[in-house]
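Data from run.cif: mmCIF, C-alpha atoms
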data_my_file
#
loop_
_atom_site.label_atom_id
_atom_site.label_comp_id
_atom_site.auth_asym_id
_atom_site.auth_seq_id
_atom_site.Cartn_x
_atom_site.Cartn_y
_atom_site.Cartn_z
CA MET A 469 25.00 5.61 22.30
CA SER A 470 21.45 6.66 23.16
CA ASP A 471 18.45 4.65 22.01
CA GLY A 472 17.70 7.23 19.36
CA ASP A 473 21.00 6.51 17.66
CA VAL A 474 20.48 2.77 17.24
CA SER A 475 20.44 1.90 13.57
CA TYR A 476 19.96 -1.22 11.52
CA ALA A 477 22.97 -2.27 9.47
CA ARG A 478 23.04 -1.04 5.88
CA THR A 479 23.25 -3.59 3.11
CA PRO A 480 23.43 -3.14 -0.67
CA ARG A 481 19.71 -3.72 -1.04
CA THR A 482 18.73 -1.31 1.72
CA THR A 483 20.91 1.41 0.22
CA PRO A 484 18.87 3.31 -2.38
CA THR A 485 20.35 4.08 -5.76
CA ARG A 486 18.62 7.48 -5.88
CA TYR A 487 17.63 10.19 -3.37
CA LYS A 488 19.97 8.74 -0.75
CA ASP A 489 19.30 11.68 1.56
CA ARG A 490 15.72 10.46 1.94
CA ALA A 491 16.83 7.13 3.43
CA THR A 492 17.34 6.22 7.07
CA TRP A 493 18.30 3.09 8.93
CA GLU A 494 17.55 4.55 12.34
CA GLN A 495 15.56 2.14 14.47
CA ALA A 496 13.37 4.78 16.14
CA ALA A 497 12.40 6.36 12.82
CA ILE A 498 11.60 2.98 11.27
CA HIS A 499 9.54 1.84 14.26
CA ALA A 500 7.61 5.13 14.27
CA ILE A 501 6.57 4.64 10.64
CA LEU A 502 5.60 1.02 11.22
CA ASP A 503 3.56 1.98 14.27
CA SER A 504 1.56 4.54 12.28
CA THR A 505 -0.34 1.91 10.34
CA TYR A 506 -1.38 -1.73 10.15
CA LEU A 507 -1.43 -2.35 6.39
CA CYS A 508 1.57 -3.83 4.63
CA HIS A 509 2.32 -5.31 1.24
CA LEU A 510 3.93 -8.73 1.44
CA GLY A 511 6.11 -9.74 -1.49
CA PHE A 512 7.38 -13.24 -2.20
CA VAL A 513 8.40 -15.34 -5.18
CA ALA A 514 6.09 -18.08 -6.47
CA ASP A 515 7.19 -20.24 -9.39
CA GLY A 516 9.91 -17.71 -10.14
CA ALA A 517 7.54 -14.75 -10.41
CA PRO A 518 6.88 -11.94 -7.94
CA VAL A 519 3.64 -11.84 -5.94
CA VAL A 520 2.55 -8.85 -3.84
CA LEU A 521 -0.43 -9.22 -1.50
CA PRO A 522 -1.91 -6.69 0.91
CA THR A 523 -2.34 -7.85 4.46
CA ILE A 524 -2.13 -6.62 8.04
CA PHE A 525 0.92 -6.71 10.28
CA ALA A 526 1.96 -5.88 13.83
CA ARG A 527 5.33 -4.83 15.21
CA VAL A 528 6.47 -6.41 18.48
CA GLY A 529 9.93 -5.14 19.34
CA ASP A 530 12.24 -5.95 16.45
CA ARG A 531 9.86 -8.41 14.93
CA LEU A 532 6.98 -8.15 12.45
CA TYR A 533 4.01 -10.50 12.60
CA ILE A 534 2.21 -10.70 9.28
CA HIS A 535 -1.27 -12.12 8.88
CA GLY A 536 -1.61 -14.79 6.24
CA SER A 537 -5.29 -14.47 5.53
CA THR A 538 -4.81 -12.98 2.09
CA GLY A 539 -3.94 -16.37 0.70
CA SER A 540 -2.33 -19.54 1.85
CA ARG A 541 0.40 -19.56 -0.78
CA PRO A 542 3.03 -17.61 1.18
CA LEU A 543 2.24 -19.54 4.32
CA ARG A 544 2.96 -22.88 2.74
CA GLY A 545 6.44 -21.63 1.87
CA ALA A 546 7.03 -20.30 5.36
CA LYS A 547 6.15 -23.57 7.07
CA GLY A 548 9.42 -25.39 6.56
CA ASP A 549 12.69 -24.80 8.40
CA GLN A 550 14.03 -22.90 5.42
CA GLY A 551 11.34 -20.25 5.62
CA LEU A 552 10.22 -17.97 2.83
CA PRO A 553 12.22 -15.02 1.47
CA VAL A 554 9.96 -11.99 1.67
CA CYS A 555 9.93 -8.25 1.27
CA VAL A 556 7.48 -6.39 3.51
CA THR A 557 6.70 -2.81 2.55
CA VAL A 558 4.70 -0.23 4.49
CA THR A 559 3.76 3.09 2.89
CA LEU A 560 2.04 6.22 4.18
CA VAL A 561 1.22 9.08 1.82
CA ASP A 562 1.26 12.50 3.52
CA ALA A 563 0.78 14.96 0.66
CA LEU A 564 0.67 15.56 -3.06
CA VAL A 565 3.45 17.94 -4.09
CA LEU A 566 2.39 19.94 -7.13
CA THR A 567 4.87 21.92 -9.18
CA LYS A 568 4.66 24.22 -12.18
CA SER A 569 6.22 21.55 -14.39
CA ALA A 570 4.75 18.09 -14.86
CA PHE A 571 8.21 16.63 -14.35
CA ASN A 572 8.84 17.93 -10.82
CA HIS A 573 5.58 16.70 -9.28
CA SER A 574 6.19 14.53 -6.25
CA VAL A 575 4.61 12.94 -3.20
CA ASN A 576 5.43 13.40 0.47
CA PHE A 577 5.53 9.96 2.01
CA ARG A 578 6.98 7.69 4.67
CA SER A 579 7.85 4.12 3.76
CA VAL A 580 9.64 1.14 5.25
CA VAL A 581 11.02 -1.79 3.27
CA ALA A 582 12.10 -4.90 5.18
CA HIS A 583 13.88 -7.86 3.58
CA GLY A 584 14.36 -11.25 5.16
CA THR A 585 13.15 -14.78 5.61
CA ALA A 586 9.71 -15.27 7.10
CA HIS A 587 8.82 -18.24 9.26
CA GLN A 588 5.39 -19.45 10.19
CA VAL A 589 4.51 -18.99 13.85
CA THR A 590 3.58 -22.40 15.25
CA ASP A 591 4.07 -22.03 19.00
CA PRO A 592 0.61 -21.44 20.53
CA VAL A 593 1.90 -18.89 23.06
CA GLU A 594 3.70 -16.84 20.40
CA LEU A 595 0.69 -17.17 18.11
CA SER A 596 -1.58 -15.80 20.82
CA VAL A 597 0.77 -12.85 21.39
CA ALA A 598 0.89 -12.23 17.63
CA LEU A 599 -2.88 -12.34 17.22
CA ASP A 600 -3.35 -9.86 20.09
CA ALA A 601 -0.69 -7.62 18.54
CA LEU A 602 -2.45 -7.72 15.16
CA VAL A 603 -5.68 -6.54 16.80
CA ASP A 604 -3.89 -3.85 18.83
CA GLN A 605 -1.81 -2.57 15.89
CA ALA A 606 -4.98 -1.23 14.27
CA VAL A 607 -6.89 -0.43 17.48
CA PRO A 608 -4.57 -0.02 20.48
CA GLY A 609 -6.04 -1.56 23.61
CA ARG A 610 -8.69 -3.61 21.88
CA SER A 611 -7.23 -7.10 22.42
CA ALA A 612 -8.02 -6.77 26.14
CA GLU A 613 -11.70 -6.23 25.40
CA VAL A 614 -12.54 -9.12 23.09
CA ARG A 615 -12.79 -12.85 23.51
CA PRO A 616 -9.27 -14.25 23.09
CA ALA A 617 -8.67 -16.89 20.46
CA ASN A 618 -9.26 -20.46 21.56
CA ALA A 619 -7.05 -23.41 20.63
CA LYS A 620 -9.06 -24.23 17.52
CA GLU A 621 -8.90 -20.62 16.29
CA LEU A 622 -5.17 -20.39 16.97
CA ALA A 623 -4.65 -23.54 14.93
CA ALA A 624 -6.56 -21.90 12.06
CA THR A 625 -4.61 -18.62 12.27
CA ALA A 626 -1.78 -18.24 9.80
CA VAL A 627 0.86 -15.75 10.93
CA VAL A 628 4.44 -15.40 9.79
CA ARG A 629 7.28 -13.79 11.69
CA LEU A 630 9.93 -11.57 10.12
CA ASP A 631 12.81 -10.30 12.25
CA LEU A 632 13.66 -6.68 11.49
CA ASP A 633 17.27 -6.78 10.45
CA GLU A 634 17.74 -5.75 6.84
CA VAL A 635 15.38 -2.77 6.84
CA SER A 636 15.35 0.88 5.86
CA ALA A 637 12.94 3.79 5.65
CA LYS A 638 12.52 6.51 3.07
CA THR A 639 10.70 9.76 3.63
CA ARG A 640 9.96 12.95 1.74
CA ALA A 641 8.52 15.87 3.71
CA ASP A 642 9.13 18.97 1.69
CA GLY A 643 7.53 21.63 -0.46
CA ALA A 644 7.24 22.07 -4.20
CA ASP A 645 10.68 22.00 -5.77
CA ASP A 646 10.41 23.81 -9.06
CA ASP A 647 13.24 24.60 -11.41
CA GLU A 648 14.40 28.22 -11.08
CA ALA A 649 13.39 28.85 -14.68
CA ASP A 650 9.80 27.73 -13.98
CA LEU A 651 9.08 29.89 -10.94
CA ASP A 652 7.43 32.72 -12.87
CA LEU A 653 5.12 30.49 -14.91
CA PRO A 654 1.44 31.31 -14.28
CA TYR A 655 0.57 27.99 -12.64
CA TRP A 656 -0.37 26.99 -9.11
CA SER A 657 2.26 25.18 -7.08
CA GLY A 658 2.24 23.92 -3.53
CA VAL A 659 1.35 21.04 -1.30
CA VAL A 660 -2.01 19.30 -0.87
CA PRO A 661 -2.10 17.40 2.44
CA VAL A 662 -3.47 13.86 2.24
CA THR A 663 -5.51 13.06 5.32
CA THR A 664 -6.58 9.73 6.77
CA GLY A 665 -8.87 9.21 9.67
CA TYR A 666 -11.89 7.41 10.98
CA GLY A 667 -15.60 7.96 10.58
CA ALA A 668 -18.12 7.47 13.35
CA PRO A 669 -18.15 3.82 14.47
CA VAL A 670 -21.25 1.93 13.33
CA PRO A 671 -22.29 -0.59 15.99
CA ASP A 672 -23.48 -4.03 15.00
CA ALA A 673 -26.96 -5.04 16.14
CA SER A 674 -25.27 -7.32 18.67
CA ALA A 675 -23.19 -4.53 20.25
CA THR A 676 -24.80 -4.27 23.66
CA VAL A 677 -22.13 -2.14 25.33
CA PRO A 678 -21.44 1.55 24.69
CA LEU A 679 -18.48 2.59 22.57
CA PRO A 680 -15.40 1.57 24.58
CA ALA A 681 -12.56 3.97 25.42
CA HIS A 682 -10.19 2.30 22.94
CA LEU A 683 -12.55 3.29 20.11
CA ARG A 684 -13.31 6.75 21.49
CA ASP A 685 -9.54 7.39 21.55
CA LEU A 686 -9.08 6.09 18.02
CA THR A 687 -11.90 7.97 16.35
CA ARG A 688 -12.02 11.34 18.06
CA MET B 1495 -22.46 -8.79 -23.98
CA SER B 1496 -22.58 -5.34 -22.44
CA ASP B 1497 -19.43 -3.52 -21.38
CA GLY B 1498 -20.23 -4.22 -17.76
CA ASP B 1499 -19.85 -7.93 -18.38
CA VAL B 1500 -16.37 -7.81 -19.88
CA SER B 1501 -14.00 -9.78 -17.71
CA TYR B 1502 -10.31 -10.58 -17.74
CA ALA B 1503 -9.48 -14.25 -18.16
CA ARG B 1504 -8.94 -16.20 -14.95
CA THR B 1505 -5.65 -17.98 -14.44
CA PRO B 1506 -4.39 -20.15 -11.58
CA ARG B 1507 -2.57 -17.23 -9.99
CA THR B 1508 -5.51 -14.84 -10.21
CA THR B 1509 -7.82 -17.42 -8.63
CA PRO B 1510 -7.62 -17.07 -4.85
CA THR B 1511 -7.25 -20.10 -2.67
CA ARG B 1512 -9.50 -18.62 0.03
CA TYR B 1513 -12.58 -16.36 0.15
CA LYS B 1514 -13.27 -16.96 -3.54
CA ASP B 1515 -16.54 -15.06 -3.31
CA ARG B 1516 -14.58 -11.88 -2.68
CA ALA B 1517 -12.79 -12.09 -6.03
CA THR B 1518 -13.79 -10.58 -9.36
CA TRP B 1519 -12.25 -10.47 -12.81
CA GLU B 1520 -14.78 -7.95 -14.13
CA GLN B 1521 -13.07 -5.19 -16.08
CA ALA B 1522 -15.34 -2.37 -14.89
CA ALA B 1523 -14.90 -3.30 -11.23
CA ILE B 1524 -11.11 -3.56 -11.59
CA HIS B 1525 -10.84 -0.26 -13.43
CA ALA B 1526 -13.00 1.48 -10.82
CA ILE B 1527 -10.66 0.37 -8.01
CA LEU B 1528 -7.56 1.39 -9.95
CA ASP B 1529 -9.08 4.79 -10.73
CA SER B 1530 -9.73 5.46 -7.04
CA THR B 1531 -6.06 5.94 -6.22
CA TYR B 1532 -2.60 6.60 -7.59
CA LEU B 1533 -0.39 4.58 -5.22
CA CYS B 1534 0.69 1.08 -6.08
CA HIS B 1535 3.19 -1.43 -4.78
CA LEU B 1536 5.49 -2.78 -7.50
CA GLY B 1537 6.94 -6.23 -6.92
CA PHE B 1538 9.80 -7.77 -8.86
CA VAL B 1539 12.56 -10.29 -8.31
CA ALA B 1540 16.15 -9.16 -7.85
CA ASP B 1541 18.92 -11.73 -7.40
CA GLY B 1542 16.26 -14.33 -6.71
CA ALA B 1543 14.64 -12.39 -3.87
CA PRO B 1544 11.39 -10.42 -3.83
CA VAL B 1545 11.44 -6.61 -3.77
CA VAL B 1546 8.33 -4.47 -3.18
CA LEU B 1547 8.56 -0.71 -3.73
CA PRO B 1548 5.84 1.91 -3.43
CA THR B 1549 5.36 4.17 -6.42
CA ILE B 1550 2.69 5.94 -8.40
CA PHE B 1551 0.82 4.61 -11.40
CA ALA B 1552 -1.77 5.67 -13.95
CA ARG B 1553 -4.32 3.61 -15.85
CA VAL B 1554 -4.79 4.36 -19.55
CA GLY B 1555 -7.32 1.97 -21.01
CA ASP B 1556 -6.09 -1.57 -20.40
CA ARG B 1557 -2.59 -0.46 -19.58
CA LEU B 1558 -0.83 0.63 -16.41
CA TYR B 1559 2.01 3.14 -16.46
CA ILE B 1560 4.21 2.87 -13.41
CA HIS B 1561 6.68 5.52 -12.34
CA GLY B 1562 10.18 4.28 -11.72
CA SER B 1563 11.41 7.00 -9.39
CA THR B 1564 11.54 4.77 -6.35
CA GLY B 1565 14.72 3.17 -7.62
CA SER B 1566 16.35 2.36 -10.86
CA ARG B 1567 16.66 -1.36 -10.18
CA PRO B 1568 13.33 -2.44 -11.70
CA LEU B 1569 13.81 -0.12 -14.62
CA ARG B 1570 17.11 -1.66 -15.61
CA GLY B 1571 15.37 -5.03 -15.86
CA ALA B 1572 12.51 -3.59 -17.92
CA LYS B 1573 14.78 -2.03 -20.53
CA GLY B 1574 15.50 -5.13 -22.58
CA ASP B 1575 13.18 -6.84 -25.03
CA GLN B 1576 12.46 -9.54 -22.48
CA GLY B 1577 11.00 -7.07 -20.00
CA LEU B 1578 10.66 -7.57 -16.27
CA PRO B 1579 8.17 -9.92 -14.59
CA VAL B 1580 6.23 -7.82 -12.08
CA CYS B 1581 3.26 -7.89 -9.76
CA VAL B 1582 1.48 -4.57 -9.28
CA THR B 1583 -0.86 -4.33 -6.31
CA VAL B 1584 -3.26 -1.53 -5.42
CA THR B 1585 -5.06 -1.51 -2.07
CA LEU B 1586 -7.71 0.72 -0.54
CA VAL B 1587 -8.84 0.22 3.07
CA ASP B 1588 -12.46 1.20 3.69
CA ALA B 1589 -13.12 0.13 7.27
CA LEU B 1590 -11.95 -1.78 10.30
CA VAL B 1591 -14.36 -4.59 11.10
CA LEU B 1592 -14.36 -5.29 14.82
CA THR B 1593 -15.91 -8.42 16.27
CA LYS B 1594 -16.44 -9.79 19.75
CA SER B 1595 -13.71 -12.38 19.21
CA ALA B 1596 -10.14 -11.49 18.33
CA PHE B 1597 -10.21 -14.19 15.65
CA ASN B 1598 -13.07 -12.76 13.55
CA HIS B 1599 -11.68 -9.23 13.20
CA SER B 1600 -11.39 -8.16 9.59
CA VAL B 1601 -10.90 -5.23 7.24
CA ASN B 1602 -13.17 -3.92 4.51
CA PHE B 1603 -10.99 -3.28 1.50
CA ARG B 1604 -10.72 -3.13 -2.27
CA SER B 1605 -7.58 -4.44 -3.94
CA VAL B 1606 -6.29 -5.23 -7.40
CA VAL B 1607 -3.39 -7.56 -8.18
CA ALA B 1608 -1.94 -7.52 -11.71
CA HIS B 1609 0.68 -9.95 -12.96
CA GLY B 1610 2.70 -9.61 -16.13
CA THR B 1611 5.83 -8.45 -17.84
CA ALA B 1612 6.68 -4.76 -17.65
CA HIS B 1613 8.50 -2.93 -20.40
CA GLN B 1614 10.18 0.42 -20.19
CA VAL B 1615 8.45 3.15 -22.18
CA THR B 1616 10.98 4.59 -24.60
CA ASP B 1617 8.85 6.21 -27.30
CA PRO B 1618 8.75 9.97 -26.56
CA VAL B 1619 5.09 10.33 -27.55
CA GLU B 1620 4.00 7.43 -25.34
CA LEU B 1621 6.22 8.72 -22.55
CA SER B 1622 4.58 12.13 -22.75
CA VAL B 1623 1.12 10.54 -22.59
CA ALA B 1624 2.23 8.43 -19.63
CA LEU B 1625 3.68 11.38 -17.72
CA ASP B 1626 0.46 13.39 -18.22
CA ALA B 1627 -1.55 10.39 -17.09
CA LEU B 1628 0.58 10.04 -13.95
CA VAL B 1629 -0.13 13.67 -13.05
CA ASP B 1630 -3.85 13.34 -13.84
CA GLN B 1631 -4.28 10.05 -11.97
CA ALA B 1632 -3.70 11.87 -8.67
CA VAL B 1633 -5.21 15.23 -9.71
CA PRO B 1634 -7.60 14.91 -12.66
CA GLY B 1635 -7.23 17.80 -15.08
CA ARG B 1636 -3.91 19.04 -13.78
CA SER B 1637 -1.67 18.00 -16.69
CA ALA B 1638 -3.34 20.68 -18.84
CA GLU B 1639 -2.32 23.41 -16.38
CA VAL B 1640 1.39 22.76 -15.92
CA ARG B 1641 4.43 23.09 -18.14
CA PRO B 1642 4.68 19.86 -20.14
CA ALA B 1643 7.88 17.85 -19.95
CA ASN B 1644 10.59 18.85 -22.42
CA ALA B 1645 12.78 16.41 -24.31
CA LYS B 1646 15.48 16.38 -21.65
CA GLU B 1647 12.94 15.68 -18.89
CA LEU B 1648 11.27 12.94 -20.90
CA ALA B 1649 14.66 11.29 -21.37
CA ALA B 1650 15.14 11.41 -17.60
CA THR B 1651 11.69 9.97 -16.83
CA ALA B 1652 11.57 6.27 -16.09
CA VAL B 1653 8.16 4.74 -16.73
CA VAL B 1654 7.24 1.12 -17.29
CA ARG B 1655 4.17 -0.20 -19.04
CA LEU B 1656 2.16 -3.21 -17.90
CA ASP B 1657 -0.75 -4.44 -19.98
CA LEU B 1658 -3.73 -5.45 -17.88
CA ASP B 1659 -4.32 -9.07 -18.78
CA GLU B 1660 -3.74 -11.37 -15.84
CA VAL B 1661 -5.50 -9.31 -13.21
CA SER B 1662 -8.14 -9.70 -10.51
CA ALA B 1663 -9.72 -7.72 -7.72
CA LYS B 1664 -10.74 -8.68 -4.22
CA THR B 1665 -13.16 -6.77 -2.04
CA ARG B 1666 -14.77 -7.08 1.36
CA ALA B 1667 -17.64 -4.72 2.15
CA ASP B 1668 -19.56 -6.22 5.02
CA GLY B 1669 -20.32 -5.94 8.68
CA ALA B 1670 -18.98 -7.72 11.73
CA ASP B 1671 -19.30 -11.46 11.31
CA ASP B 1672 -19.28 -12.96 14.77
CA ASP B 1673 -19.80 -16.58 15.63
CA GLU B 1674 -23.33 -17.27 16.85
CA ALA B 1675 -21.94 -18.35 20.23
CA ASP B 1676 -20.20 -14.99 20.69
CA LEU B 1677 -23.14 -12.70 19.99
CA ASP B 1678 -24.15 -12.26 23.63
CA LEU B 1679 -20.65 -11.47 24.91
CA PRO B 1680 -20.45 -8.02 26.52
CA TYR B 1681 -18.13 -6.51 23.93
CA TRP B 1682 -18.56 -3.84 21.28
CA SER B 1683 -18.75 -5.00 17.68
CA GLY B 1684 -19.25 -3.11 14.47
CA VAL B 1685 -17.56 -1.24 11.71
CA VAL B 1686 -15.23 1.77 11.94
CA PRO B 1687 -15.06 3.57 8.58
CA VAL B 1688 -11.57 4.52 7.40
CA THR B 1689 -11.63 7.88 5.66
CA THR B 1690 -9.15 9.44 3.29
CA GLY B 1691 -9.27 12.94 1.95
CA TYR B 1692 -7.36 16.14 1.38
CA GLY B 1693 -6.50 19.05 3.62
CA ALA B 1694 -6.52 22.67 2.48
CA PRO B 1695 -3.95 23.19 -0.28
CA VAL B 1696 -0.86 25.12 0.89
CA PRO B 1697 0.40 27.36 -1.92
CA ASP B 1698 4.12 27.72 -2.55
CA ALA B 1699 5.54 31.24 -2.38
CA SER B 1700 5.81 31.11 -6.17
CA ALA B 1701 2.13 30.31 -6.70
CA THR B 1702 0.89 33.51 -8.28
CA VAL B 1703 -2.47 32.23 -9.50
CA PRO B 1704 -5.51 31.40 -7.36
CA LEU B 1705 -6.38 27.80 -6.59
CA PRO B 1706 -7.37 26.27 -9.93
CA ALA B 1707 -10.63 24.41 -10.49
CA HIS B 1708 -8.88 21.04 -10.68
CA LEU B 1709 -7.73 21.51 -7.08
CA ARG B 1710 -11.02 22.98 -5.85
CA ASP B 1711 -12.75 19.87 -7.23
CA LEU B 1712 -10.24 17.53 -5.59
CA THR B 1713 -10.18 19.04 -2.14
CA ARG B 1714 -13.73 20.17 -1.49
#
Represent the supplied structure as structure tokens.
Amino acid sequence: MSDGDVSYARTPRTTPTRYKDRATWEQAAIHAILDSTYLCHLGFVADGAPVVLPTIFARVGDRLYIHGSTGSRPLRGAKGDQGLPVCVTVTLVDALVLTKSAFNHSVNFRSVVAHGTAHQVTDPVELSVALDALVDQAVPGRSAEVRPANAKELAATAVVRLDLDEVSAKTRADGADDDEADLDLPYWSGVVPVTTGYGAPVPDASATVPLPAHLRDLTR
Amino acid sequence: MSDGDVSYARTPRTTPTRYKDRATWEQAAIHAILDSTYLCHLGFVADGAPVVLPTIFARVGDRLYIHGSTGSRPLRGAKGDQGLPVCVTVTLVDALVLTKSAFNHSVNFRSVVAHGTAHQVTDPVELSVALDALVDQAVPGRSAEVRPANAKELAATAVVRLDLDEVSAKTRADGADDDEADLDLPYWSGVVPVTTGYGAPVPDASATVPLPAHLRDLTR
């Protein structure tokens, strides 16, 4: 089996109830989606109710590191040996898909949903690796050109680890899918690409070096 | 009290444990963030574990309508009189904030987190309003220039309603915040704007009318 064929195991909760043809468990496809961004939504249960917080993550191999800065609540739960049941979801929108009927409108997207138990990273070496990875996930190469975290900062950094195990991706990458009976209606239909990018970097007054290569690469 | 001063009530779970100065409960600020996008992350609890799914939403007054197409699981829970406890989170990233230390890196963002009990929309009139709002949230004005949903389509549309009540926003809109001791380090620091926009619309073969004004407005 080649690397491209490696897949995560399917479970009931990673098997969608609808649009099953949009789902994949293939490791390479899932990693590619995760590596296209740095923003995730972290879900957990607090006092029996769901909580969803945005935060940043990094992928290192088959592991996600998730930054806890959006609130200390999830981190408290992830401190013990039991860990914290979480759902981590990553979503990229690629296009609006506009049809002649309101009903058939859709969105082209790529998403990953990972279920599992998160544990707080306490080992200083792993924490240092995770913090570098969090910086590099958004700006590849940057962690080598900043001051690394010192012991005090590492102790103040809250990161949880989630092993990728029960995980799937869903994607839609297609055109407008109108009903046959609607095709002659006098309305516009088609795809509107959604674009994301970077504006020109704005240096801080303290930036005394020219724009480094890792930012020229990112923003060109 | 002017409209701009209307705020949602604070509760323990809409009061952040960290960075309290970044939080607001002001209705106008929360609505403005919600109205800047159409993508949300819907969190709920299934078999005791958290689930977070991406989907689209629309705001109509103090109410969110959330499309259930990402899976029927949450919708089943929202069908009964009891409804389904949910957390709906909306996040916009505005910039990467890069500092001279790895530790002080940050993100400029705007986010809204709404807690409550979602109920499935079953009334055909409300469902029709919700479906139009879902189309218009992404492309203002479009619902008037498509074929409206018929009875069969409305019956097949899964939408849940969440009243905005226990809701807050968090924002960061600031520059690089380095430690005094790091300011002279020979590294770049500053802000990299994150941009989102639209590419040129790609008409479907069946699009027999020119690009309508609602799409010229959106994509210019």
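Excluding stretch 1581-1585 of chain B itself and any same-chain residue fewer than 2 positions from it, the protein and nucleic acid residues within 7 Å of it, counting all atoms listed in the file, are A:Pro518, A:Val519, A:Val520, A:Leu521, A:Pro522, B:Leu1528, B:Leu1533, B:Cys1534, B:His1535, B:Leu1536, B:Gly1537, B:Phe1538, B:Val1587, B:Arg1604, B:Ser1605, B:Val1606, B:Val1607, B:Ala1608, B:His1609, B:Gly1610.
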Could you tell me which residues the PyMOL selection byres ((chain B and resi 1627) around 12) returns for this structure, as a VMD selection string?
-> (chain A and resid 570 to 571) or (chain B and resid 1529 1532 1550 to 1555 1557 to 1561 1620 to 1626 1628 to 1638 1642 1653)
For A:Gly667, list every protein, DNA or RNA residue within 7 Å, evaluated using all atoms listed in the file, and leave out those in the same chain fewer than 2 positions away; present the list as a short mmCIF file (atom, residue, chain, number, x, y, z; two decimals) with C-alpha atoms, keeping the file's coordinate frame.
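Result file is selection38.cif:
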data_model
loop_
_atom_site.label_atom_id
_atom_site.label_comp_id
_atom_site.auth_asym_id
_atom_site.auth_seq_id
_atom_site.Cartn_x
_atom_site.Cartn_y
_atom_site.Cartn_z
CA GLY A 665 -8.87 9.21 9.67
CA PRO A 669 -18.15 3.82 14.47
CA THR A 687 -11.90 7.97 16.35
CA VAL B 1686 -15.23 1.77 11.94
CA PRO B 1687 -15.06 3.57 8.58
CA VAL B 1688 -11.57 4.52 7.40
CA THR B 1689 -11.63 7.88 5.66
#
Counting all atoms listed in the file, find the residues whose atoms lie at most 6 Å from (12.1, -12.7, 5.3) (file coordinates) and write them out as a ChimeraX atom specification.
-> /A:553-554,583-586,630
For the structure shown, which residues end up in the PyMOL selection byres ((chain B and resi 1507-1517) around 12)? Put them as number ranges by chain, please?
-> A: 514-515, 517-521, 536-544; B: 1501-1506, 1518-1520, 1523-1524, 1581, 1602-1610, 1659-1668
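For the pair atom CA of A:Arg684 and atom CA of B:Leu1679, the separation is 19.9 Å.
Residue nearest chain A within the list B:Ala1522, B:Leu1712, B:Leu1586, B:Val1539: B:Val1539 [criterion: smallest interatomic distance, only C-alpha atoms].
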